[in-house]
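Trainee: Before anything else, here's the structure in question.
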Amino acid sequence: MTLTARRIDHILQDQTLSAPLRAIAEKVLNDQRITPEEGQLLFEEGELGYLGALANYQREKRHGNRTYFNRNFHVEPTNVCLYTCTFCSYSRLIKKREEGWEYSLEDILDIVKKYDGEPVTEVHIVGGVLPQYDVKFYTELFKAIKKHRPDLHVKALTPVEYHYIFKKDKVTYEEGMRIMKEAGLDSMPGGGAEIFHPEIRDQIAGGKCSGEQWLRIHEIWHELGMRSNATMLYGHIERFEHRIDHLEKLRQLQDKTGGFQTFIPLKFRNQDNQMSHVPESTVVEDMRNYAISRLYLDNFDHIKAYWPMIGRNVAQMLLSFGVDDIDGTIDDTTKIYSMAGSEEQTPAMSTRDLVNLIRRVGREPIERDTLYNVIQDYTDHVFEEDEQFKGYTALPVVNR
């Protein structure tokens, strides 16, 4: 019996486990969908060991020991924004735009060209919302990137940005997403989801696209045969029922389209924003949230821990709590979470760093592209740095 199987057997044999939690465990083991009420119960009563064992069972059933990563970099065109999200430490209001940056198309292309000759496979583009970053700007940008480097996967912009630029240019969501696809957009990141429920969304992200509009833009993108990711910002003023409502809406859309690739829970960080008085969630609550996400989103292939936000050590632990992806090398090209007080203030890891991080917890490192096609299995890979002779180790001399 494998270690995972022994843990599940221990759960089912535990006489102190409540009947409802035992029933949920049996449903998970039999690949039966848990209900919103059962999801709520997991948040309220599920202990860490119980949740971790079930989530790890599902993770290993889908992916075994495989853990995915990619080689990517981020471009953030601006951190100046029209919106005033209370949780955001990254953006600067227009009246304080001198504190931020606003890149031109040429500036962004210069950043992309810095990676010429590097084995990166993806550029991730997302930033603030400003009038000059409109449909014309982004279509020209995507075309220019594809002309310069056709093989580079462009994962760009959230529904928050698309909603604004389509409204500004008076194009429908359907027309706008077709325009973006034709310009070279390959996939969409999952940002801007925050919390869908209006009770919370109106308080933390008022003025941005609604939860329904976020979901509709992704649905249209999926209808075009394209893929995207999804997120949830947790650990602030939302309650467990708001998390379940969010997960349920994602699960329903995934049932309909099958277009989501991965789900990324995003931890609220409270440094230098309007919600600095709200305490952050504990590591235990983070781990519970990831595990429940894996159990609830039974139609999502992947659960990702975004290591620049949650930290390397916690990301490692989460590989036993339902997570099978830890994002990419990043190369210190994102400031969205470092400015909010995340553990990673200079988020960059080499391929060797990522591979060793995954290996140290007994998992198999798999480099993927954005669409989860395997590029290289690093399980038994030996890096040149590891083979280089580093000199003899001096032994202590014992005088007799």
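Letters A, B, ... go to the chains of the structure tokens in the order shown; residues in each chain start at 1; ligands are counted from 1 in the same order.
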Just the residues within 7 Å of region 55-58 of chain A, please, counting only C-alpha atoms, with nothing from its chain fewer than 4 positions along; format it as a PyMOL selection string.

Mentor: chain A and resi 4+51+62+291+294-295+320-322

Trainee: What would the file look like if the residues just selected were written as a PDB file, in the first residue's frame with N, CA, C and O atoms?

Mentor:
ATOM      1  N   THR A   4       0.240   7.375   0.268  1.00  0.00           N
ATOM      2  CA  THR A   4      -1.013   8.100   0.055  1.00  0.00           C
ATOM      3  C   THR A   4      -2.204   7.221   0.380  1.00  0.00           C
ATOM      4  O   THR A   4      -3.161   7.654   1.044  1.00  0.00           O
ATOM      5  N   LEU A  51      -7.651  17.205   4.920  1.00  0.00           N
ATOM      6  CA  LEU A  51      -7.731  17.876   3.621  1.00  0.00           C
ATOM      7  C   LEU A  51      -6.503  17.583   2.773  1.00  0.00           C
ATOM      8  O   LEU A  51      -6.611  17.348   1.560  1.00  0.00           O
ATOM      9  N   ARG A  62      -4.086  12.287 -10.682  1.00  0.00           N
ATOM     10  CA  ARG A  62      -4.029  13.002 -11.961  1.00  0.00           C
ATOM     11  C   ARG A  62      -2.617  13.072 -12.529  1.00  0.00           C
ATOM     12  O   ARG A  62      -2.412  12.910 -13.732  1.00  0.00           O
ATOM     13  N   ALA A 291      -5.934  22.981  -0.700  1.00  0.00           N
ATOM     14  CA  ALA A 291      -6.442  21.610  -0.714  1.00  0.00           C
ATOM     15  C   ALA A 291      -7.917  21.572  -1.086  1.00  0.00           C
ATOM     16  O   ALA A 291      -8.344  20.749  -1.913  1.00  0.00           O
ATOM     17  N   ARG A 294      -8.446  22.109  -4.751  1.00  0.00           N
ATOM     18  CA  ARG A 294      -8.199  20.898  -5.536  1.00  0.00           C
ATOM     19  C   ARG A 294      -9.400  19.945  -5.476  1.00  0.00           C
ATOM     20  O   ARG A 294      -9.782  19.338  -6.486  1.00  0.00           O
ATOM     21  N   LEU A 295      -9.997  19.814  -4.312  1.00  0.00           N
ATOM     22  CA  LEU A 295     -11.120  18.897  -4.157  1.00  0.00           C
ATOM     23  C   LEU A 295     -12.376  19.421  -4.842  1.00  0.00           C
ATOM     24  O   LEU A 295     -13.133  18.636  -5.432  1.00  0.00           O
ATOM     25  N   SER A 320       2.163  18.853  -1.629  1.00  0.00           N
ATOM     26  CA  SER A 320       1.477  17.734  -0.982  1.00  0.00           C
ATOM     27  C   SER A 320       0.058  18.095  -0.571  1.00  0.00           C
ATOM     28  O   SER A 320      -0.594  17.332   0.144  1.00  0.00           O
ATOM     29  N   PHE A 321      -0.431  19.235  -1.038  1.00  0.00           N
ATOM     30  CA  PHE A 321      -1.786  19.685  -0.705  1.00  0.00           C
ATOM     31  C   PHE A 321      -2.580  20.031  -1.968  1.00  0.00           C
ATOM     32  O   PHE A 321      -3.353  20.981  -1.985  1.00  0.00           O
ATOM     33  N   GLY A 322      -2.351  19.250  -3.012  1.00  0.00           N
ATOM     34  CA  GLY A 322      -3.153  19.376  -4.221  1.00  0.00           C
ATOM     35  C   GLY A 322      -2.487  20.103  -5.368  1.00  0.00           C
ATOM     36  O   GLY A 322      -2.969  20.071  -6.492  1.00  0.00           O
TER      37      GLY A 322
END

Trainee: Using DSSP on the backbone coordinates, identify all residues within region 168-295 of chain A classified as strand (DSSP E or B); present the result as an mmCIF file with N, CA, C and O atoms, in the first residue's frame.

Mentor:
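Saved to selection07.cif:
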data_model
loop_
_atom_site.group_PDB
_atom_site.id
_atom_site.type_symbol
_atom_site.label_atom_id
_atom_site.label_comp_id
_atom_site.auth_asym_id
_atom_site.auth_seq_id
_atom_site.Cartn_x
_atom_site.Cartn_y
_atom_site.Cartn_z
ATOM 1 N N SER A 187 -3.162 33.126 -25.096
ATOM 2 C CA SER A 187 -3.984 32.688 -23.969
ATOM 3 C C SER A 187 -4.161 33.849 -23.006
ATOM 4 O O SER A 187 -3.491 34.883 -23.113
ATOM 5 N N MET A 188 -5.061 33.665 -22.055
ATOM 6 C CA MET A 188 -5.348 34.689 -21.055
ATOM 7 C C MET A 188 -4.928 34.223 -19.675
ATOM 8 O O MET A 188 -5.162 33.067 -19.304
ATOM 9 N N ARG A 227 -7.474 28.912 -24.626
ATOM 10 C CA ARG A 227 -7.391 28.514 -23.221
ATOM 11 C C ARG A 227 -7.074 29.705 -22.329
ATOM 12 O O ARG A 227 -6.524 30.708 -22.761
ATOM 13 N N SER A 228 -7.397 29.536 -21.042
ATOM 14 C CA SER A 228 -7.134 30.597 -20.073
ATOM 15 C C SER A 228 -6.984 29.983 -18.687
ATOM 16 O O SER A 228 -7.221 28.792 -18.482
ATOM 17 N N ASN A 229 -6.602 30.820 -17.731
ATOM 18 C CA ASN A 229 -6.470 30.422 -16.337
ATOM 19 C C ASN A 229 -7.491 31.154 -15.481
ATOM 20 O O ASN A 229 -8.176 32.067 -15.953
ATOM 21 N N ALA A 230 -7.580 30.763 -14.218
ATOM 22 C CA ALA A 230 -8.519 31.393 -13.294
ATOM 23 C C ALA A 230 -7.851 31.569 -11.940
ATOM 24 O O ALA A 230 -6.957 30.797 -11.565
ATOM 25 N N THR A 231 -8.271 32.596 -11.210
ATOM 26 C CA THR A 231 -7.713 32.870 -9.891
ATOM 27 C C THR A 231 -8.821 33.179 -8.899
ATOM 28 O O THR A 231 -9.986 33.355 -9.261
ATOM 29 N N MET A 232 -8.443 33.266 -7.632
ATOM 30 C CA MET A 232 -9.311 33.786 -6.576
ATOM 31 C C MET A 232 -8.425 34.478 -5.546
ATOM 32 O O MET A 232 -7.456 33.892 -5.063
ATOM 33 N N LEU A 233 -8.737 35.718 -5.232
ATOM 34 C CA LEU A 233 -8.018 36.444 -4.192
ATOM 35 C C LEU A 233 -8.694 36.137 -2.855
ATOM 36 O O LEU A 233 -9.858 36.477 -2.652
ATOM 37 N N TYR A 234 -7.964 35.497 -1.959
ATOM 38 C CA TYR A 234 -8.565 35.041 -0.704
ATOM 39 C C TYR A 234 -7.805 35.591 0.498
ATOM 40 O O TYR A 234 -6.681 36.066 0.388
ATOM 41 N N PHE A 260 -10.617 26.271 -19.172
ATOM 42 C CA PHE A 260 -9.651 26.645 -18.142
ATOM 43 C C PHE A 260 -8.580 25.568 -18.027
ATOM 44 O O PHE A 260 -8.871 24.372 -18.057
ATOM 45 N N GLN A 261 -7.346 26.004 -17.856
ATOM 46 C CA GLN A 261 -6.235 25.077 -17.684
ATOM 47 C C GLN A 261 -5.867 24.874 -16.225
ATOM 48 O O GLN A 261 -5.673 23.750 -15.777
ATOM 49 N N THR A 262 -5.749 25.974 -15.504
ATOM 50 C CA THR A 262 -5.274 25.884 -14.128
ATOM 51 C C THR A 262 -5.960 26.918 -13.252
ATOM 52 O O THR A 262 -6.391 27.970 -13.726
ATOM 53 N N PHE A 263 -6.049 26.609 -11.969
ATOM 54 C CA PHE A 263 -6.602 27.526 -10.983
ATOM 55 C C PHE A 263 -5.493 27.928 -10.032
ATOM 56 O O PHE A 263 -4.729 27.076 -9.551
ATOM 57 N N ILE A 264 -5.395 29.250 -9.749
ATOM 58 C CA ILE A 264 -4.342 29.778 -8.887
ATOM 59 C C ILE A 264 -4.980 30.558 -7.739
ATOM 60 O O ILE A 264 -5.474 31.674 -7.952
ATOM 61 N N PRO A 265 -5.009 29.999 -6.526
ATOM 62 C CA PRO A 265 -5.431 30.813 -5.384
ATOM 63 C C PRO A 265 -4.368 31.881 -5.120
ATOM 64 O O PRO A 265 -3.172 31.586 -5.097
ATOM 65 N N LEU A 266 -4.788 33.108 -4.930
ATOM 66 C CA LEU A 266 -3.861 34.209 -4.691
ATOM 67 C C LEU A 266 -4.088 34.767 -3.294
ATOM 68 O O LEU A 266 -5.179 35.236 -2.972
ATOM 69 N N LYS A 267 -3.055 34.713 -2.483
ATOM 70 C CA LYS A 267 -3.143 35.158 -1.091
ATOM 71 C C LYS A 267 -3.141 36.685 -1.017
ATOM 72 O O LYS A 267 -2.276 37.340 -1.603
#

Trainee: Which of these, A:His218, A:Arg288, A:Arg360, A:Arg269, has the shortest distance to Phe240 (chain A) once you count only C-alpha atoms?

Mentor: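 Once distances to Phe240 (chain A) are computed over only C-alpha atoms, the minimum belongs to A:Arg288.
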
Trainee: Which one of A:Gly49, A:Pro36, A:Gly259, A:Pro77 sits closest to Glu219 (chain A) if you count only C-alpha atoms?

Mentor: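 Once distances to Glu219 (chain A) are computed over only C-alpha atoms, the minimum belongs to A:Gly259.
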
Trainee: Have a look at CA of Ala305 (chain A) and CA of Pro365 (chain A) and let me know their distance in Å, one decimal.

Mentor: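 Answer for the CA of Ala305 (chain A) to CA of Pro365 (chain A) separation: 14.4 Å.
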
Trainee: How many Å separate CA of Val361 (chain A) from CA of Glu47 (chain A)?

Mentor: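 Taking CA of Val361 (chain A) as the start and CA of Glu47 (chain A) as the end point, the length is 22.1 Å.
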
Trainee: When you count only C-alpha atoms, which of these residues is closest to Ile217 (chain A): A:Lys256, A:Ile195, A:Pro159, A:Gly235?

Mentor: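 Closest to Ile217 (chain A), using only C-alpha atoms: A:Pro159.
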
Trainee: CA of Tyr68 (chain A) and CA of Arg352 (chain A), how far apart in Å?

Mentor: 13.6 Å

Trainee: Neighbouring residues of Ser104 (chain A) were defined as those with any atom within 12 Å, considering only C-alpha atoms; residues of the same chain fewer than 2 positions away were excluded. Please report them as a PDB file with all heavy atoms, in the first residue's frame.

Mentor:
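Output file result_17.pdb is given in full below:
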ATOM      1  N   VAL A  75       5.857  41.194 -18.321  1.00  0.00           N
ATOM      2  CA  VAL A  75       5.946  42.606 -18.699  1.00  0.00           C
ATOM      3  C   VAL A  75       4.726  43.297 -18.110  1.00  0.00           C
ATOM      4  O   VAL A  75       3.590  42.869 -18.359  1.00  0.00           O
ATOM      5  CB  VAL A  75       5.978  42.803 -20.229  1.00  0.00           C
ATOM      6  CG1 VAL A  75       5.981  44.293 -20.559  1.00  0.00           C
ATOM      7  CG2 VAL A  75       7.189  42.124 -20.843  1.00  0.00           C
ATOM      8  N   GLU A  76       4.960  44.326 -17.340  1.00  0.00           N
ATOM      9  CA  GLU A  76       3.873  45.093 -16.741  1.00  0.00           C
ATOM     10  C   GLU A  76       3.922  46.506 -17.334  1.00  0.00           C
ATOM     11  O   GLU A  76       4.728  47.336 -16.910  1.00  0.00           O
ATOM     12  CB  GLU A  76       4.031  45.086 -15.219  1.00  0.00           C
ATOM     13  CG  GLU A  76       3.833  43.666 -14.669  1.00  0.00           C
ATOM     14  CD  GLU A  76       4.369  43.446 -13.264  1.00  0.00           C
ATOM     15  OE1 GLU A  76       4.916  44.406 -12.677  1.00  0.00           O
ATOM     16  OE2 GLU A  76       4.257  42.321 -12.754  1.00  0.00           O
ATOM     17  N   PRO A  77       3.084  46.789 -18.353  1.00  0.00           N
ATOM     18  CA  PRO A  77       3.182  48.050 -19.094  1.00  0.00           C
ATOM     19  C   PRO A  77       3.100  49.292 -18.221  1.00  0.00           C
ATOM     20  O   PRO A  77       3.761  50.288 -18.491  1.00  0.00           O
ATOM     21  CB  PRO A  77       2.004  47.978 -20.068  1.00  0.00           C
ATOM     22  CG  PRO A  77       1.775  46.512 -20.274  1.00  0.00           C
ATOM     23  CD  PRO A  77       2.058  45.900 -18.932  1.00  0.00           C
ATOM     24  N   THR A  78       2.285  49.219 -17.154  1.00  0.00           N
ATOM     25  CA  THR A  78       2.156  50.373 -16.262  1.00  0.00           C
ATOM     26  C   THR A  78       1.647  49.919 -14.914  1.00  0.00           C
ATOM     27  O   THR A  78       0.960  48.899 -14.800  1.00  0.00           O
ATOM     28  CB  THR A  78       1.203  51.431 -16.836  1.00  0.00           C
ATOM     29  OG1 THR A  78       1.153  52.566 -15.953  1.00  0.00           O
ATOM     30  CG2 THR A  78      -0.200  50.885 -17.022  1.00  0.00           C
ATOM     31  N   TRP A 101       5.221  53.959 -13.482  1.00  0.00           N
ATOM     32  CA  TRP A 101       5.853  53.880 -14.798  1.00  0.00           C
ATOM     33  C   TRP A 101       4.782  53.647 -15.855  1.00  0.00           C
ATOM     34  O   TRP A 101       3.723  53.082 -15.573  1.00  0.00           O
ATOM     35  CB  TRP A 101       6.908  52.772 -14.842  1.00  0.00           C
ATOM     36  CG  TRP A 101       6.346  51.385 -14.670  1.00  0.00           C
ATOM     37  CD1 TRP A 101       5.811  50.570 -15.631  1.00  0.00           C
ATOM     38  CD2 TRP A 101       6.254  50.640 -13.445  1.00  0.00           C
ATOM     39  NE1 TRP A 101       5.392  49.376 -15.101  1.00  0.00           N
ATOM     40  CE2 TRP A 101       5.661  49.389 -13.758  1.00  0.00           C
ATOM     41  CE3 TRP A 101       6.623  50.903 -12.132  1.00  0.00           C
ATOM     42  CZ2 TRP A 101       5.425  48.411 -12.787  1.00  0.00           C
ATOM     43  CZ3 TRP A 101       6.385  49.921 -11.169  1.00  0.00           C
ATOM     44  CH2 TRP A 101       5.796  48.704 -11.503  1.00  0.00           C
ATOM     45  N   GLU A 102       5.072  54.129 -17.050  1.00  0.00           N
ATOM     46  CA  GLU A 102       4.173  53.941 -18.187  1.00  0.00           C
ATOM     47  C   GLU A 102       5.043  53.640 -19.401  1.00  0.00           C
ATOM     48  O   GLU A 102       5.642  54.538 -19.980  1.00  0.00           O
ATOM     49  CB  GLU A 102       3.319  55.198 -18.416  1.00  0.00           C
ATOM     50  CG  GLU A 102       2.420  55.562 -17.231  1.00  0.00           C
ATOM     51  CD  GLU A 102       1.708  56.895 -17.417  1.00  0.00           C
ATOM     52  OE1 GLU A 102       1.168  57.132 -18.531  1.00  0.00           O
ATOM     53  OE2 GLU A 102       1.705  57.708 -16.465  1.00  0.00           O
ATOM     54  N   GLU A 106       7.569  50.610 -27.691  1.00  0.00           N
ATOM     55  CA  GLU A 106       8.996  50.371 -27.913  1.00  0.00           C
ATOM     56  C   GLU A 106       9.686  49.919 -26.623  1.00  0.00           C
ATOM     57  O   GLU A 106      10.574  49.054 -26.659  1.00  0.00           O
ATOM     58  CB  GLU A 106       9.667  51.638 -28.454  1.00  0.00           C
ATOM     59  CG  GLU A 106       9.277  52.016 -29.872  1.00  0.00           C
ATOM     60  CD  GLU A 106       7.842  52.547 -29.983  1.00  0.00           C
ATOM     61  OE1 GLU A 106       7.321  53.087 -28.948  1.00  0.00           O
ATOM     62  OE2 GLU A 106       7.249  52.422 -31.065  1.00  0.00           O
ATOM     63  N   ASP A 107       9.287  50.496 -25.498  1.00  0.00           N
ATOM     64  CA  ASP A 107       9.853  50.082 -24.213  1.00  0.00           C
ATOM     65  C   ASP A 107       9.584  48.596 -23.959  1.00  0.00           C
ATOM     66  O   ASP A 107      10.470  47.848 -23.518  1.00  0.00           O
ATOM     67  CB  ASP A 107       9.246  50.890 -23.058  1.00  0.00           C
ATOM     68  CG  ASP A 107       9.642  52.355 -23.070  1.00  0.00           C
ATOM     69  OD1 ASP A 107      10.727  52.675 -23.598  1.00  0.00           O
ATOM     70  OD2 ASP A 107       8.860  53.173 -22.555  1.00  0.00           O
ATOM     71  N   ILE A 108       8.351  48.188 -24.230  1.00  0.00           N
ATOM     72  CA  ILE A 108       7.971  46.789 -23.989  1.00  0.00           C
ATOM     73  C   ILE A 108       8.723  45.861 -24.929  1.00  0.00           C
ATOM     74  O   ILE A 108       9.220  44.804 -24.515  1.00  0.00           O
ATOM     75  CB  ILE A 108       6.449  46.616 -24.133  1.00  0.00           C
ATOM     76  CG1 ILE A 108       5.728  47.437 -23.057  1.00  0.00           C
ATOM     77  CG2 ILE A 108       6.057  45.141 -24.035  1.00  0.00           C
ATOM     78  CD1 ILE A 108       4.223  47.467 -23.200  1.00  0.00           C
ATOM     79  N   LEU A 109       8.850  46.261 -26.178  1.00  0.00           N
ATOM     80  CA  LEU A 109       9.602  45.430 -27.124  1.00  0.00           C
ATOM     81  C   LEU A 109      11.064  45.313 -26.720  1.00  0.00           C
ATOM     82  O   LEU A 109      11.689  44.264 -26.901  1.00  0.00           O
ATOM     83  CB  LEU A 109       9.484  45.996 -28.532  1.00  0.00           C
ATOM     84  CG  LEU A 109       8.137  45.776 -29.226  1.00  0.00           C
ATOM     85  CD1 LEU A 109       8.125  46.438 -30.599  1.00  0.00           C
ATOM     86  CD2 LEU A 109       7.825  44.292 -29.358  1.00  0.00           C
ATOM     87  N   ASP A 110      11.609  46.371 -26.151  1.00  0.00           N
ATOM     88  CA  ASP A 110      12.993  46.294 -25.671  1.00  0.00           C
ATOM     89  C   ASP A 110      13.129  45.264 -24.557  1.00  0.00           C
ATOM     90  O   ASP A 110      14.142  44.555 -24.477  1.00  0.00           O
ATOM     91  CB  ASP A 110      13.459  47.670 -25.175  1.00  0.00           C
ATOM     92  CG  ASP A 110      13.747  48.654 -26.311  1.00  0.00           C
ATOM     93  OD1 ASP A 110      13.913  48.186 -27.460  1.00  0.00           O
ATOM     94  OD2 ASP A 110      13.793  49.867 -26.042  1.00  0.00           O
ATOM     95  N   ILE A 111      12.116  45.194 -23.694  1.00  0.00           N
ATOM     96  CA  ILE A 111      12.140  44.180 -22.629  1.00  0.00           C
ATOM     97  C   ILE A 111      12.083  42.787 -23.234  1.00  0.00           C
ATOM     98  O   ILE A 111      12.829  41.887 -22.840  1.00  0.00           O
ATOM     99  CB  ILE A 111      10.963  44.400 -21.656  1.00  0.00           C
ATOM    100  CG1 ILE A 111      11.114  45.739 -20.927  1.00  0.00           C
ATOM    101  CG2 ILE A 111      10.872  43.239 -20.654  1.00  0.00           C
ATOM    102  CD1 ILE A 111       9.922  46.118 -20.084  1.00  0.00           C
ATOM    103  N   GLN A 132      -4.465  55.321 -22.711  1.00  0.00           N
ATOM    104  CA  GLN A 132      -3.587  55.139 -23.871  1.00  0.00           C
ATOM    105  C   GLN A 132      -3.333  53.668 -24.190  1.00  0.00           C
ATOM    106  O   GLN A 132      -2.903  53.330 -25.294  1.00  0.00           O
ATOM    107  CB  GLN A 132      -2.246  55.865 -23.669  1.00  0.00           C
ATOM    108  CG  GLN A 132      -1.323  55.268 -22.612  1.00  0.00           C
ATOM    109  CD  GLN A 132      -1.431  55.995 -21.289  1.00  0.00           C
ATOM    110  OE1 GLN A 132      -2.514  56.440 -20.916  1.00  0.00           O
ATOM    111  NE2 GLN A 132      -0.313  56.128 -20.582  1.00  0.00           N
ATOM    112  N   TYR A 133      -3.585  52.796 -23.224  1.00  0.00           N
ATOM    113  CA  TYR A 133      -3.434  51.360 -23.479  1.00  0.00           C
ATOM    114  C   TYR A 133      -4.784  50.823 -23.956  1.00  0.00           C
ATOM    115  O   TYR A 133      -5.571  50.277 -23.189  1.00  0.00           O
ATOM    116  CB  TYR A 133      -2.960  50.644 -22.216  1.00  0.00           C
ATOM    117  CG  TYR A 133      -1.604  51.119 -21.755  1.00  0.00           C
ATOM    118  CD1 TYR A 133      -1.480  51.941 -20.638  1.00  0.00           C
ATOM    119  CD2 TYR A 133      -0.451  50.763 -22.441  1.00  0.00           C
ATOM    120  CE1 TYR A 133      -0.233  52.393 -20.216  1.00  0.00           C
ATOM    121  CE2 TYR A 133       0.807  51.211 -22.024  1.00  0.00           C
ATOM    122  CZ  TYR A 133       0.900  52.031 -20.916  1.00  0.00           C
ATOM    123  OH  TYR A 133       2.137  52.482 -20.508  1.00  0.00           O
ATOM    124  N   PHE A 137      -3.287  49.874 -29.223  1.00  0.00           N
ATOM    125  CA  PHE A 137      -1.981  49.681 -28.589  1.00  0.00           C
ATOM    126  C   PHE A 137      -1.676  48.198 -28.436  1.00  0.00           C
ATOM    127  O   PHE A 137      -0.587  47.730 -28.806  1.00  0.00           O
ATOM    128  CB  PHE A 137      -1.950  50.368 -27.217  1.00  0.00           C
ATOM    129  CG  PHE A 137      -0.647  50.192 -26.486  1.00  0.00           C
ATOM    130  CD1 PHE A 137       0.378  51.100 -26.642  1.00  0.00           C
ATOM    131  CD2 PHE A 137      -0.442  49.098 -25.635  1.00  0.00           C
ATOM    132  CE1 PHE A 137       1.588  50.936 -25.969  1.00  0.00           C
ATOM    133  CE2 PHE A 137       0.758  48.924 -24.968  1.00  0.00           C
ATOM    134  CZ  PHE A 137       1.777  49.844 -25.139  1.00  0.00           C
ATOM    135  N   TYR A 138      -2.628  47.446 -27.873  1.00  0.00           N
ATOM    136  CA  TYR A 138      -2.348  46.039 -27.584  1.00  0.00           C
ATOM    137  C   TYR A 138      -2.304  45.184 -28.841  1.00  0.00           C
ATOM    138  O   TYR A 138      -1.504  44.240 -28.926  1.00  0.00           O
ATOM    139  CB  TYR A 138      -3.353  45.496 -26.568  1.00  0.00           C
ATOM    140  CG  TYR A 138      -3.031  45.945 -25.162  1.00  0.00           C
ATOM    141  CD1 TYR A 138      -3.905  46.753 -24.444  1.00  0.00           C
ATOM    142  CD2 TYR A 138      -1.829  45.583 -24.566  1.00  0.00           C
ATOM    143  CE1 TYR A 138      -3.597  47.172 -23.153  1.00  0.00           C
ATOM    144  CE2 TYR A 138      -1.506  46.007 -23.280  1.00  0.00           C
ATOM    145  CZ  TYR A 138      -2.388  46.793 -22.570  1.00  0.00           C
ATOM    146  OH  TYR A 138      -2.073  47.223 -21.311  1.00  0.00           O
ATOM    147  N   GLU A 140      -1.252  46.188 -31.770  1.00  0.00           N
ATOM    148  CA  GLU A 140       0.066  46.476 -32.353  1.00  0.00           C
ATOM    149  C   GLU A 140       1.181  45.801 -31.554  1.00  0.00           C
ATOM    150  O   GLU A 140       2.151  45.290 -32.131  1.00  0.00           O
ATOM    151  CB  GLU A 140       0.292  47.996 -32.408  1.00  0.00           C
ATOM    152  CG  GLU A 140      -0.576  48.707 -33.442  1.00  0.00           C
ATOM    153  CD  GLU A 140      -0.288  50.198 -33.510  1.00  0.00           C
ATOM    154  OE1 GLU A 140       0.511  50.685 -32.674  1.00  0.00           O
ATOM    155  OE2 GLU A 140      -0.860  50.871 -34.384  1.00  0.00           O
ATOM    156  N   LEU A 141       1.034  45.780 -30.220  1.00  0.00           N
ATOM    157  CA  LEU A 141       2.040  45.135 -29.379  1.00  0.00           C
ATOM    158  C   LEU A 141       2.108  43.640 -29.662  1.00  0.00           C
ATOM    159  O   LEU A 141       3.197  43.079 -29.864  1.00  0.00           O
ATOM    160  CB  LEU A 141       1.720  45.378 -27.906  1.00  0.00           C
ATOM    161  CG  LEU A 141       2.622  44.647 -26.907  1.00  0.00           C
ATOM    162  CD1 LEU A 141       4.069  45.105 -27.042  1.00  0.00           C
ATOM    163  CD2 LEU A 141       2.106  44.857 -25.479  1.00  0.00           C
TER     164      LEU A 141
END

Trainee: Which is closest to Phe196 (chain A) among A:Leu250, A:Leu371, A:Met287, A:Val314, if we use only C-alpha atoms?

Mentor: A:Leu250

Trainee: I want to know what sits within 12 Å of region 143-149 of chain A, based on only C-alpha atoms, with residues of the same chain fewer than 4 positions away left out; could you give that as JSON, numbers by chain?

Mentor: {"A": [75, 105, 106, 108, 109, 110, 111, 112, 113, 114, 115, 116, 117, 118, 119, 120, 121, 122, 123, 124, 125, 136, 137, 138, 139, 153, 154, 155, 156, 179, 180, 181, 182, 183, 184, 185, 186]}

Trainee: Hey, what's within 8 Å of His197 (chain A) if we count only C-alpha atoms and toss same-chain stuff fewer than 3 positions away? As a list of chain:residue names, please?

Mentor: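 In the requested form, the answer reads A:Ile200, A:Arg201, A:Gly211, A:His242, A:Asp245, A:His246.
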
Trainee: Quick check for you: according to DSSP on this backbone, which residues of region 82-260 of chain A are classed as alpha helix (DSSP H)? Reply as a count of residues only.

Mentor: 82

Trainee: For Glu212 (chain A), which residue out of A:Ile375, A:His277, A:Leu253, A:Gly46 is the nearest one, using only C-alpha atoms?

Mentor: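 Of A:Ile375, A:His277, A:Leu253, A:Gly46, the one nearest Glu212 (chain A), counting only C-alpha atoms, is A:Leu253.
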
Trainee: Which residue is closest to Ala25 (chain A)? Choose from A:Glu174, A:Asp325, A:Glu280, A:Asp9 and count only C-alpha atoms.

Mentor: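 Nearest to Ala25 (chain A): A:Asp9.
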
Trainee: Excluding Trp214 (chain A) and its own-chain neighbours fewer than 4 positions away, which residues fall within 8 Å of it when counting only C-alpha atoms? Please give them as a PyMOL selection string.

Mentor: chain A and resi 159-160+192-193+209-210+218
